[in-house]
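*Asks:* Supplied structure: start_35.csv, CSV, C-alpha atoms.
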```
chain,number,residue,atom,x,y,z
A,1216,MET,CA,0.0,0.0,0.0
A,1217,SER,CA,1.3,3.4,-0.9
A,1218,LEU,CA,0.4,6.9,0.3
A,1219,ILE,CA,1.0,10.0,-1.8
A,1220,ALA,CA,0.9,13.6,-0.5
A,1221,GLY,CA,1.2,17.0,-2.2
A,1222,SER,CA,2.2,20.3,-0.8
A,1223,TYR,CA,2.2,24.0,-1.3
A,1224,GLU,CA,6.0,23.9,-1.7
A,1225,ARG,CA,5.6,22.0,-5.0
A,1226,PHE,CA,6.8,18.7,-3.5
A,1227,ILE,CA,5.1,15.3,-3.9
A,1228,TRP,CA,5.8,12.7,-1.2
A,1229,GLY,CA,5.5,9.0,-1.5
A,1230,PHE,CA,5.4,6.5,1.3
A,1231,LYS,CA,4.9,2.7,1.5
A,1232,LEU,CA,2.8,1.4,4.4
A,1233,LYS,CA,3.8,-2.0,5.6
A,1234,PRO,CA,3.7,-4.0,8.9
A,1235,SER,CA,6.8,-3.6,11.0
A,1236,GLU,CA,5.9,-5.5,14.2
A,1237,PRO,CA,2.8,-7.3,15.4
A,1238,GLN,CA,-0.1,-4.8,15.6
A,1239,THR,CA,2.1,-2.0,14.3
A,1240,LEU,CA,2.8,-0.3,10.9
A,1241,SER,CA,5.5,1.8,9.4
A,1242,LEU,CA,5.6,4.5,6.7
A,1243,THR,CA,8.7,4.0,4.6
A,1244,PRO,CA,9.7,6.9,2.3
A,1245,LEU,CA,9.6,6.1,-1.4
A,1246,PHE,CA,10.4,9.4,-2.9
A,1247,SER,CA,10.1,13.2,-2.5
A,1248,TYR,CA,10.9,15.9,-5.1
A,1249,PRO,CA,9.5,19.1,-6.5
A,1250,SER,CA,7.5,17.8,-9.4
A,1251,HIS,CA,5.5,21.0,-10.1
A,1252,LEU,CA,6.4,24.6,-10.8
A,1253,SER,CA,3.9,25.8,-8.2
A,1254,ALA,CA,1.6,24.4,-5.5
A,1255,ILE,CA,0.1,20.9,-5.9
A,1256,ARG,CA,-3.7,21.2,-5.6
A,1257,THR,CA,-5.0,17.6,-6.1
A,1258,LEU,CA,-3.9,14.0,-6.2
A,1259,ALA,CA,-5.3,10.7,-7.5
A,1260,ALA,CA,-4.0,7.1,-7.3
A,1261,ALA,CA,-5.0,3.7,-8.6
A,1262,GLY,CA,-3.0,0.5,-8.8
A,1263,PRO,CA,0.6,1.4,-9.6
A,1264,VAL,CA,-0.3,4.8,-11.1
A,1265,ALA,CA,-0.6,8.2,-9.4
A,1266,ALA,CA,-1.4,11.7,-10.8
A,1267,SER,CA,-0.9,15.2,-9.4
A,1268,GLY,CA,-2.4,18.4,-10.5
A,1269,GLY,CA,-1.0,21.8,-9.7
A,1270,ALA,CA,-1.5,25.6,-10.0
A,1271,ASP,CA,1.0,25.4,-13.0
A,1272,ASP,CA,-1.8,24.0,-15.2
A,1273,THR,CA,0.0,20.7,-15.5
A,1274,ILE,CA,-0.8,17.0,-14.6
A,1275,HIS,CA,2.2,14.9,-13.6
A,1276,LEU,CA,2.1,11.1,-13.8
A,1277,TYR,CA,4.0,8.6,-11.6
A,1278,ASP,CA,4.7,4.8,-11.6
A,1279,LEU,CA,4.6,3.9,-8.0
A,1280,SER,CA,6.0,0.4,-8.5
A,1281,SER,CA,9.3,1.8,-9.6
A,1282,ALA,CA,9.1,5.3,-7.9
A,1283,SER,CA,9.6,7.0,-11.3
A,1284,SER,CA,8.0,9.7,-13.3
A,1285,LEU,CA,5.9,8.9,-16.4
A,1286,GLY,CA,5.9,12.5,-17.7
A,1287,SER,CA,3.2,15.2,-17.8
A,1288,LEU,CA,0.0,16.2,-19.5
A,1289,HIS,CA,-0.6,19.8,-20.7
A,1290,ASP,CA,-4.1,19.9,-22.0
A,1291,HIS,CA,-5.4,22.4,-19.4
A,1292,SER,CA,-4.9,26.1,-19.5
A,1293,ALA,CA,-5.8,26.8,-15.8
A,1294,SER,CA,-5.0,25.5,-12.4
A,1295,LEU,CA,-5.9,21.9,-11.8
A,1296,THR,CA,-8.5,21.5,-9.0
A,1297,ALA,CA,-9.6,17.8,-9.1
A,1298,LEU,CA,-8.3,14.4,-10.4
A,1299,SER,CA,-10.0,11.0,-10.4
A,1300,PHE,CA,-9.1,7.6,-11.9
A,1301,TYR,CA,-11.7,5.0,-13.0
A,1302,THR,CA,-10.6,1.4,-12.5
A,1303,PRO,CA,-13.0,-1.4,-13.6
A,1304,PRO,CA,-13.7,-4.0,-10.8
A,1305,ASN,CA,-12.0,-6.8,-12.6
A,1306,LEU,CA,-8.8,-4.8,-13.3
A,1307,SER,CA,-5.9,-3.6,-11.1
A,1308,PHE,CA,-4.9,-0.9,-13.6
A,1309,PRO,CA,-7.0,2.3,-14.2
A,1310,ARG,CA,-8.8,2.6,-17.5
A,1311,ASN,CA,-9.5,6.4,-17.5
A,1312,LEU,CA,-8.3,9.6,-15.8
A,1313,VAL,CA,-10.6,12.6,-15.5
A,1314,SER,CA,-9.3,16.0,-14.5
A,1315,ALA,CA,-11.0,19.3,-13.7
A,1316,ALA,CA,-9.6,22.9,-13.7
A,1317,ALA,CA,-10.2,26.4,-12.5
A,1318,ASP,CA,-11.6,27.5,-16.0
A,1319,GLY,CA,-14.6,25.1,-15.7
A,1320,SER,CA,-13.1,22.5,-18.0
A,1321,VAL,CA,-12.9,18.7,-17.6
A,1322,CYS,CA,-10.5,16.6,-19.6
A,1323,ILE,CA,-11.1,12.9,-20.2
A,1324,TYR,CA,-8.0,10.6,-20.8
A,1325,ASP,CA,-7.4,7.0,-21.7
A,1326,ALA,CA,-5.1,5.6,-19.1
A,1327,ASP,CA,-3.6,2.8,-21.1
A,1328,PRO,CA,-1.7,4.6,-22.6
A,1329,PHE,CA,-2.3,8.1,-21.4
A,1330,VAL,CA,-4.0,9.8,-24.3
A,1331,HIS,CA,-6.3,12.9,-24.2
A,1332,LEU,CA,-9.7,11.9,-25.5
A,1333,LYS,CA,-11.9,15.0,-25.1
A,1334,THR,CA,-12.4,18.3,-23.2
A,1335,VAL,CA,-15.8,19.2,-21.8
A,1336,LEU,CA,-17.0,22.6,-20.3
A,1337,PRO,CA,-19.6,21.7,-17.7
A,1338,HIS,CA,-19.2,24.9,-15.6
A,1339,ARG,CA,-18.9,28.6,-16.3
A,1340,LYS,CA,-16.5,29.1,-13.4
A,1341,ALA,CA,-13.9,27.1,-11.6
A,1342,ILE,CA,-14.7,23.5,-10.7
A,1343,ASN,CA,-14.2,22.6,-7.1
A,1344,ASP,CA,-14.4,18.8,-7.2
A,1345,LEU,CA,-15.4,15.8,-9.3
A,1346,SER,CA,-16.4,12.2,-8.6
A,1347,ILE,CA,-16.6,9.3,-11.1
A,1348,HIS,CA,-19.5,6.8,-10.6
A,1349,PRO,CA,-18.3,3.2,-9.9
A,1350,SER,CA,-19.7,2.2,-13.4
A,1351,GLY,CA,-17.3,4.6,-15.1
A,1352,LYS,CA,-20.1,5.9,-17.3
A,1353,LEU,CA,-20.7,9.3,-15.6
A,1354,ALA,CA,-19.1,11.9,-13.3
A,1355,LEU,CA,-20.5,14.6,-11.1
A,1356,THR,CA,-18.8,18.0,-10.7
A,1357,VAL,CA,-19.5,21.1,-8.5
A,1358,GLY,CA,-18.1,24.6,-9.0
A,1359,HIS,CA,-17.8,28.2,-8.1
A,1360,ASP,CA,-21.0,28.9,-10.2
A,1361,GLU,CA,-23.0,27.2,-7.4
A,1362,CYS,CA,-24.1,24.4,-9.7
A,1363,LEU,CA,-24.0,20.7,-9.9
A,1364,ALA,CA,-23.2,19.1,-13.3
A,1365,MET,CA,-23.3,15.5,-14.6
A,1366,ILE,CA,-21.0,14.4,-17.4
A,1367,ASN,CA,-21.7,11.5,-19.7
A,1368,LEU,CA,-18.2,10.0,-19.9
A,1369,VAL,CA,-19.2,7.6,-22.7
A,1370,ARG,CA,-20.3,10.4,-25.0
A,1371,GLY,CA,-18.1,13.1,-23.5
A,1372,LYS,CA,-20.9,15.6,-23.0
A,1373,ARG,CA,-22.7,17.4,-20.1
A,1374,SER,CA,-26.0,15.6,-19.5
A,1375,PHE,CA,-27.3,17.5,-16.5
A,1376,TYR,CA,-26.9,20.9,-14.9
A,1377,CYS,CA,-28.7,22.5,-11.9
A,1378,ARG,CA,-28.3,25.4,-9.6
A,1379,LEU,CA,-27.7,24.6,-5.9
A,1380,GLY,CA,-28.2,28.0,-4.5
A,1381,LYS,CA,-24.9,27.7,-2.6
A,1382,GLU,CA,-21.4,26.7,-3.6
A,1383,ALA,CA,-20.4,23.1,-2.9
A,1384,SER,CA,-16.7,22.4,-2.3
A,1385,LEU,CA,-16.8,18.6,-2.5
A,1386,VAL,CA,-18.8,15.9,-4.2
A,1387,ASN,CA,-18.4,12.2,-3.9
A,1388,PHE,CA,-20.2,9.0,-4.8
A,1389,ASP,CA,-20.5,6.3,-2.1
A,1390,VAL,CA,-18.8,3.0,-2.7
A,1391,GLY,CA,-21.8,1.4,-4.4
A,1392,GLY,CA,-22.8,4.4,-6.4
A,1393,ASP,CA,-26.3,4.5,-5.0
A,1394,LYS,CA,-25.8,7.8,-3.2
A,1395,PHE,CA,-23.6,10.8,-3.5
A,1396,PHE,CA,-22.5,13.4,-1.0
A,1397,MET,CA,-22.0,17.2,-1.3
A,1398,VAL,CA,-20.2,19.5,1.2
A,1399,MET,CA,-21.1,23.1,1.7
A,1400,GLU,CA,-18.9,24.7,4.4
A,1401,GLU,CA,-19.8,22.8,7.6
A,1402,LYS,CA,-22.8,21.0,6.2
A,1403,VAL,CA,-22.8,17.6,4.4
A,1404,SER,CA,-25.8,16.4,2.4
A,1405,VAL,CA,-26.6,12.9,1.3
A,1406,HIS,CA,-28.5,12.4,-2.0
A,1407,GLU,CA,-30.1,9.5,-3.9
A,1408,ALA,CA,-27.9,9.0,-7.0
A,1409,GLU,CA,-30.9,8.2,-9.3
A,1410,ASP,CA,-32.9,11.4,-8.8
A,1411,ALA,CA,-30.7,13.6,-6.5
A,1412,ARG,CA,-33.3,13.4,-3.8
A,1413,LEU,CA,-32.1,14.6,-0.4
A,1414,LEU,CA,-31.9,11.8,2.1
A,1415,CYS,CA,-30.3,13.4,5.1
A,1416,GLU,CA,-28.0,16.2,6.2
A,1417,PHE,CA,-25.4,16.5,9.0
A,1418,GLU,CA,-23.4,19.5,10.2
A,1419,ASN,CA,-19.9,19.6,11.5
A,1420,LYS,CA,-18.7,22.1,14.1
A,1421,LYS,CA,-16.2,23.6,11.6
A,1422,ARG,CA,-15.6,23.7,7.9
A,1423,VAL,CA,-15.1,20.4,6.1
A,1424,LEU,CA,-12.1,20.2,3.8
A,1425,CYS,CA,-12.1,16.5,2.9
A,1426,ALA,CA,-14.6,13.6,2.9
A,1427,THR,CA,-14.1,10.0,2.0
A,1428,PRO,CA,-16.8,7.2,1.9
A,1429,CYS,CA,-16.3,3.7,3.5
A,1430,GLU,CA,-17.8,0.4,2.4
A,1431,ASN,CA,-19.9,0.0,5.6
A,1432,GLY,CA,-22.2,3.0,5.2
A,1433,ILE,CA,-19.8,5.4,7.0
A,1434,LEU,CA,-18.6,8.8,5.6
A,1435,LEU,CA,-15.3,10.2,7.0
A,1436,THR,CA,-14.9,13.9,7.2
A,1437,GLY,CA,-12.0,16.2,8.3
A,1438,GLY,CA,-11.2,19.8,8.1
A,1439,GLU,CA,-10.7,22.9,10.3
A,1440,GLY,CA,-11.8,21.1,13.4
A,1441,ARG,CA,-8.6,19.0,13.3
A,1442,CYS,CA,-10.5,15.8,14.0
A,1443,VAL,CA,-11.6,12.8,11.8
A,1444,THR,CA,-15.3,12.2,12.2
A,1445,ALA,CA,-17.2,9.1,11.0
A,1446,TRP,CA,-20.9,9.7,10.1
A,1447,ASP,CA,-23.5,7.0,9.8
A,1448,VAL,CA,-25.1,7.9,6.5
A,1449,LYS,CA,-28.4,6.2,7.3
A,1450,SER,CA,-29.0,8.0,10.6
A,1451,GLY,CA,-27.0,11.2,10.0
A,1452,LYS,CA,-25.4,10.8,13.4
A,1453,VAL,CA,-21.8,10.5,14.5
A,1454,ALA,CA,-20.6,6.9,14.7
A,1455,TYR,CA,-17.2,7.8,16.2
A,1456,SER,CA,-14.6,10.5,16.1
A,1457,ILE,CA,-10.9,10.8,16.5
A,1458,GLU,CA,-10.6,14.1,18.4
A,1459,GLU,CA,-7.5,16.2,17.9
A,1460,ALA,CA,-6.2,13.8,15.3
A,1461,HIS,CA,-3.9,16.6,14.2
A,1462,ALA,CA,-2.5,19.8,15.5
A,1463,ALA,CA,-3.7,21.6,12.3
A,1464,ARG,CA,-6.5,21.3,9.8
A,1465,VAL,CA,-7.1,18.0,8.2
A,1466,LYS,CA,-6.5,18.2,4.4
A,1467,GLY,CA,-6.9,14.6,3.3
A,1468,ILE,CA,-8.3,11.2,4.4
A,1469,VAL,CA,-7.7,7.8,2.8
A,1470,VAL,CA,-9.5,4.5,3.7
A,1471,LEU,CA,-7.2,1.5,3.6
A,1472,THR,CA,-9.0,-1.8,3.0
A,1473,LYS,CA,-7.7,-5.4,2.8
A,1474,ASN,CA,-7.8,-5.0,-1.0
A,1475,SER,CA,-5.3,-2.2,-0.7
A,1476,SER,CA,-2.7,-4.1,1.4
A,1477,GLY,CA,-2.0,-7.6,2.5
A,1478,ALA,CA,-1.4,-6.2,6.0
A,1479,PHE,CA,-5.1,-6.2,6.8
A,1480,SER,CA,-7.3,-9.2,6.9
A,1481,ASP,CA,-10.7,-7.9,8.2
A,1482,ASP,CA,-13.6,-7.2,5.8
A,1483,ASP,CA,-14.4,-3.8,7.3
A,1484,PRO,CA,-12.1,-0.8,6.5
A,1485,HIS,CA,-10.6,-0.2,9.9
A,1486,ILE,CA,-7.3,1.4,8.8
A,1487,VAL,CA,-7.5,5.1,7.9
A,1488,ALA,CA,-4.7,7.6,6.9
A,1489,SER,CA,-5.0,11.3,7.4
A,1490,ALA,CA,-2.8,14.3,6.5
A,1491,SER,CA,-2.8,17.8,7.9
A,1492,SER,CA,-1.5,21.2,6.8
A,1493,ASP,CA,1.4,21.0,9.3
A,1494,GLY,CA,3.0,18.2,7.2
A,1495,VAL,CA,2.1,15.3,9.4
A,1496,ILE,CA,0.6,12.0,8.0
A,1497,ARG,CA,-0.9,9.6,10.5
A,1498,VAL,CA,-2.4,6.1,10.2
A,1499,TRP,CA,-5.2,5.0,12.5
A,1500,ASP,CA,-7.1,2.0,13.6
A,1501,VAL,CA,-10.6,3.5,13.9
A,1502,ARG,CA,-11.9,0.6,16.0
A,1503,MET,CA,-10.0,2.2,18.9
A,1504,ALA,CA,-11.8,5.5,18.4
A,1505,ILE,CA,-15.1,3.8,19.5
A,1506,LYS,CA,-13.7,3.1,22.9
A,1507,ASP,CA,-11.1,5.8,23.5
A,1508,LYS,CA,-8.8,8.2,21.7
A,1509,PRO,CA,-6.5,6.0,19.6
A,1510,ASN,CA,-2.8,6.4,19.2
A,1511,PRO,CA,-1.5,6.5,15.6
A,1512,LEU,CA,-0.3,3.2,14.2
A,1513,ALA,CA,2.3,5.0,12.0
A,1514,GLU,CA,3.3,8.6,11.5
A,1515,ALA,CA,5.5,10.6,9.1
A,1516,ASN,CA,6.4,14.3,9.2
A,1517,THR,CA,7.1,15.9,5.8
A,1518,LYS,CA,7.8,19.3,7.3
A,1519,SER,CA,5.8,20.9,4.5
A,1520,ARG,CA,2.3,22.4,4.1
A,1521,LEU,CA,0.4,19.5,2.8
A,1522,THR,CA,-2.7,20.1,0.6
A,1523,CYS,CA,-3.9,16.6,-0.4
A,1524,LEU,CA,-3.5,12.9,0.2
A,1525,ALA,CA,-4.2,9.8,-1.9
A,1526,GLY,CA,-3.5,6.1,-1.5
A,1527,SER,CA,-3.3,3.0,-3.7
A,1528,ALA,CA,-2.2,-0.6,-3.8
A,1529,LEU,CA,1.1,-1.1,-5.7
A,1530,LYS,CA,0.0,-4.4,-7.3
A,1531,SER,CA,-0.6,-4.5,-11.0
A,1532,LEU,CA,-0.5,-6.9,-13.9
A,1533,ARG,CA,1.5,-4.5,-16.1
A,1534,ARG,CA,3.7,-1.4,-16.2
A,1535,PRO,CA,2.0,1.9,-17.0
A,1536,GLN,CA,2.3,2.9,-20.7
A,1537,VAL,CA,3.2,6.4,-21.9
A,1538,GLY,CA,1.1,8.0,-24.6
A,1539,LYS,CA,2.4,10.2,-27.4
A,1540,ASN,CA,1.0,13.4,-26.0
A,1541,ILE,CA,2.9,13.0,-22.7
A,1542,GLU,CA,6.0,15.2,-22.3
A,1543,GLY,CA,9.1,13.9,-20.5
A,1544,GLY,CA,8.1,10.3,-20.1
A,1545,GLN,CA,10.3,8.0,-18.0
A,1546,CYS,CA,12.3,10.7,-16.2
A,1547,GLU,CA,13.4,9.6,-12.8
A,1548,PRO,CA,12.4,11.6,-9.7
A,1549,LYS,CA,15.2,12.9,-7.6
A,1550,ALA,CA,15.4,11.6,-4.1
A,1551,THR,CA,15.6,14.5,-1.6
A,1552,ASP,CA,16.1,15.1,2.0
A,1553,ASN,CA,12.9,15.9,3.9
A,1554,ASN,CA,14.3,19.3,5.1
A,1555,GLU,CA,14.7,20.3,1.4
A,1556,SER,CA,11.0,20.9,1.1
A,1557,ALA,CA,10.9,23.9,3.4
A,1558,GLU,CA,11.7,26.7,1.0
```
Could you take the file, read its structure, and then write that structure out as structure tokens?

*Replies:*
Amino acid sequence: MSLIAGSYERFIWGFKLKPSEPQTLSLTPLFSYPSHLSAIRTLAAAGPVAASGGADDTIHLYDLSSASSLGSLHDHSASLTALSFYTPPNLSFPRNLVSAAADGSVCIYDADPFVHLKTVLPHRKAINDLSIHPSGKLALTVGHDECLAMINLVRGKRSFYCRLGKEASLVNFDVGGDKFFMVMEEKVSVHEAEDARLLCEFENKKRVLCATPCENGILLTGGEGRCVTAWDVKSGKVAYSIEEAHAARVKGIVVLTKNSSGAFSDDDPHIVASASSDGVIRVWDVRMAIKDKPNPLAEANTKSRLTCLAGSALKSLRRPQVGKNIEGGQCEPKATDNNESAE
């Protein structure tokens, strides 16, 4: 299992999560180097592939199995705001990459090899977030124009567009694709995927900056409250919470399941990783949060201002292929000392 973090200082950080002793884990550094010309805004990972998007209008691609760079994509003309891979259930390698930018555009890529297929303009202003349905046939986006849009990924066209009345910062399908979530400041709303009907709402004490669904009907949220909160989607109540999980705001949450790493054997996703803006990444066993405040199973300090977090299994049947429209393919990242990130 690998974890990837991006920072304001242009650095991308890679870690491998593996068992060190019974009931303990360790985060082993894979790489760290300044991959972008400006701040990294978003990350995505699937199988052995990871992608980062920055304020330099560029997407960088990485092969996690060899800790090497696959080059970059330059089809956007504005800052990248969201990235998402689509991986079919029967494959360990992603089929598509979808990206969103601050000019309201969405780019659809083939991921084997990485080739630009089409650009769609679903919003009039910057896109805040996007989420691909588990079927891979459609995606939802939310933006500064206070609207929700649906993109038909098969045809490459916007198929739905509605005004929300308030700007949503995050959107995400649940694991099964039957529901989707939207975040507006402190409030999280749960909707039926078929007709967007509102099912329930729950409100955090402070602004939500990241949200990740689990397989057991739980939605994890983090943000300015510095805690990781697990919400029961059916009841809209708090199932458990890791209070003071970090000393600063939580910027990313990743759920680690048994499919992601051989270190875990239970069916339920009990292992969760979180990253904060003070540069600290921590791994938790959330079962301990139900009884008492847990201690982190593993921790790493990047000493940089982290902006996002992603995770993926390293297993794959083949090595990522580079398309013709990618610049700088197969250039190796430079290993750096952790202190080099503080510029």

*Asks:* Determine, counting only C-alpha atoms, which protein, DNA and RNA residues have an atom within 10 Å of an atom of A:Pro1511; residues of the same chain fewer than 3 positions away are not included. Present the result as a VMD selection string.

*Replies:* chain A and resid 1239 to 1240 1460 1487 to 1488 1496 to 1501 1508 1514

*Asks:* Which residues, written as number ranges by chain, have at least one atom at most 12 Å from A:Asn1343, with all atoms listed in the file counted and residues fewer than 5 positions away on the same chain left out?

*Replies:* A: 1256-1257, 1294-1298, 1314-1321, 1337-1338, 1355-1364, 1382-1387, 1397-1399, 1424-1425

*Asks:* Mind giving me the straight-line distance from atom CA of A:Leu1285 to atom CA of A:Pro1249 in Å, one decimal?

*Replies:*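 Atom CA of A:Pro1249 lies 14.7 Å from atom CA of A:Leu1285.
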
*Asks:* Name the residues in contact with stretch 1219-1236 of chain A at a cut-off of 7 Å, using only C-alpha atoms, excluding same-chain residues fewer than 2 positions from it; report them as a tab-separated table (two decimals) with C-alpha atoms, in the coordinates of the input.

*Replies:*
```tsv
chain	number	residue	atom	x	y	z
A	1216	MET	CA	0.00	0.00	0.00
A	1217	SER	CA	1.30	3.40	-0.90
A	1238	GLN	CA	-0.10	-4.80	15.60
A	1239	THR	CA	2.10	-2.00	14.30
A	1240	LEU	CA	2.80	-0.30	10.90
A	1241	SER	CA	5.50	1.80	9.40
A	1242	LEU	CA	5.60	4.50	6.70
A	1243	THR	CA	8.70	4.00	4.60
A	1244	PRO	CA	9.70	6.90	2.30
A	1245	LEU	CA	9.60	6.10	-1.40
A	1246	PHE	CA	10.40	9.40	-2.90
A	1247	SER	CA	10.10	13.20	-2.50
A	1248	TYR	CA	10.90	15.90	-5.10
A	1249	PRO	CA	9.50	19.10	-6.50
A	1250	SER	CA	7.50	17.80	-9.40
A	1251	HIS	CA	5.50	21.00	-10.10
A	1252	LEU	CA	6.40	24.60	-10.80
A	1253	SER	CA	3.90	25.80	-8.20
A	1254	ALA	CA	1.60	24.40	-5.50
A	1255	ILE	CA	0.10	20.90	-5.90
A	1478	ALA	CA	-1.40	-6.20	6.00
A	1519	SER	CA	5.80	20.90	4.50
A	1520	ARG	CA	2.30	22.40	4.10
A	1521	LEU	CA	0.40	19.50	2.80
A	1522	THR	CA	-2.70	20.10	0.60
A	1523	CYS	CA	-3.90	16.60	-0.40
A	1524	LEU	CA	-3.50	12.90	0.20
A	1525	ALA	CA	-4.20	9.80	-1.90
A	1526	GLY	CA	-3.50	6.10	-1.50
A	1556	SER	CA	11.00	20.90	1.10
A	1558	GLU	CA	11.70	26.70	1.00
```

*Asks:* One decimal, in Å: what's the spacing between atom CA of A:Gly1437 and atom CA of A:Asn1419?

*Replies:*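 Atom CA of A:Gly1437 sits 9.2 Å away from atom CA of A:Asn1419.
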
*Asks:* Could you tell me how far atom CA of A:Ser1299 sits from atom CA of A:Val1313, in Å to one decimal place?

*Replies:*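 These atoms are spaced 5.4 Å apart.
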
*Asks:* Which centre and which edge lengths, in Å to one decimal, describe the axis-aligned box that holds all listed atoms of stretch 1457-1462 of chain A after 3 Å is added on each side, as JSON?

*Replies:*
```
{"center_x": -6.7, "center_y": 15.3, "center_z": 16.3, "size_x": 14.4, "size_y": 15.0, "size_z": 10.2}
```

*Asks:* Listing only residues of stretch 1284-1324 of chain A within 6 Å of stretch 1262-1277 of chain A, what is the closest atom pair and its distance in Å (to one decimal) for each, using all atoms listed in the file, sorted by chain and residue number ascending, as a Markdown table?

*Replies:*
```
| residue | atom | partner | partner_atom | distance |
| --- | --- | --- | --- | --- |
| A:Ser1284 | CA | A:Tyr1277 | CA | 4.5 |
| A:Leu1285 | CA | A:Leu1276 | CA | 5.1 |
| A:Gly1286 | CA | A:Leu1276 | CA | 5.6 |
| A:Ser1287 | CA | A:His1275 | CA | 4.3 |
| A:Leu1288 | CA | A:Ile1274 | CA | 5.0 |
| A:His1289 | CA | A:Thr1273 | CA | 5.3 |
| A:His1291 | CA | A:Asp1272 | CA | 5.8 |
| A:Ser1292 | CA | A:Asp1272 | CA | 5.7 |
| A:Ala1293 | CA | A:Asp1272 | CA | 4.9 |
| A:Ser1294 | CA | A:Ala1270 | CA | 4.2 |
| A:Leu1295 | CA | A:Gly1268 | CA | 5.1 |
| A:Ser1307 | CA | A:Gly1262 | CA | 5.5 |
| A:Phe1308 | CA | A:Gly1262 | CA | 5.3 |
```

*Asks:* At a cut-off of 10 Å, using only C-alpha atoms, what residues contact stretch 1402-1414 of chain A? Leave out same-chain residues fewer than 3 positions from it and give the result as number ranges by chain.

*Replies:* A: 1348, 1383, 1385-1389, 1392-1399, 1417-1423, 1426, 1434, 1436, 1446, 1448-1451

*Asks:* Under the rule that only C-alpha atoms are counted, which of A:Asp1325, A:Glu1458, A:Glu1439, A:Glu1430 is the nearest residue to A:Val1470?

*Replies:*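 Using only C-alpha atoms, A:Val1470 sits closest to A:Glu1430.
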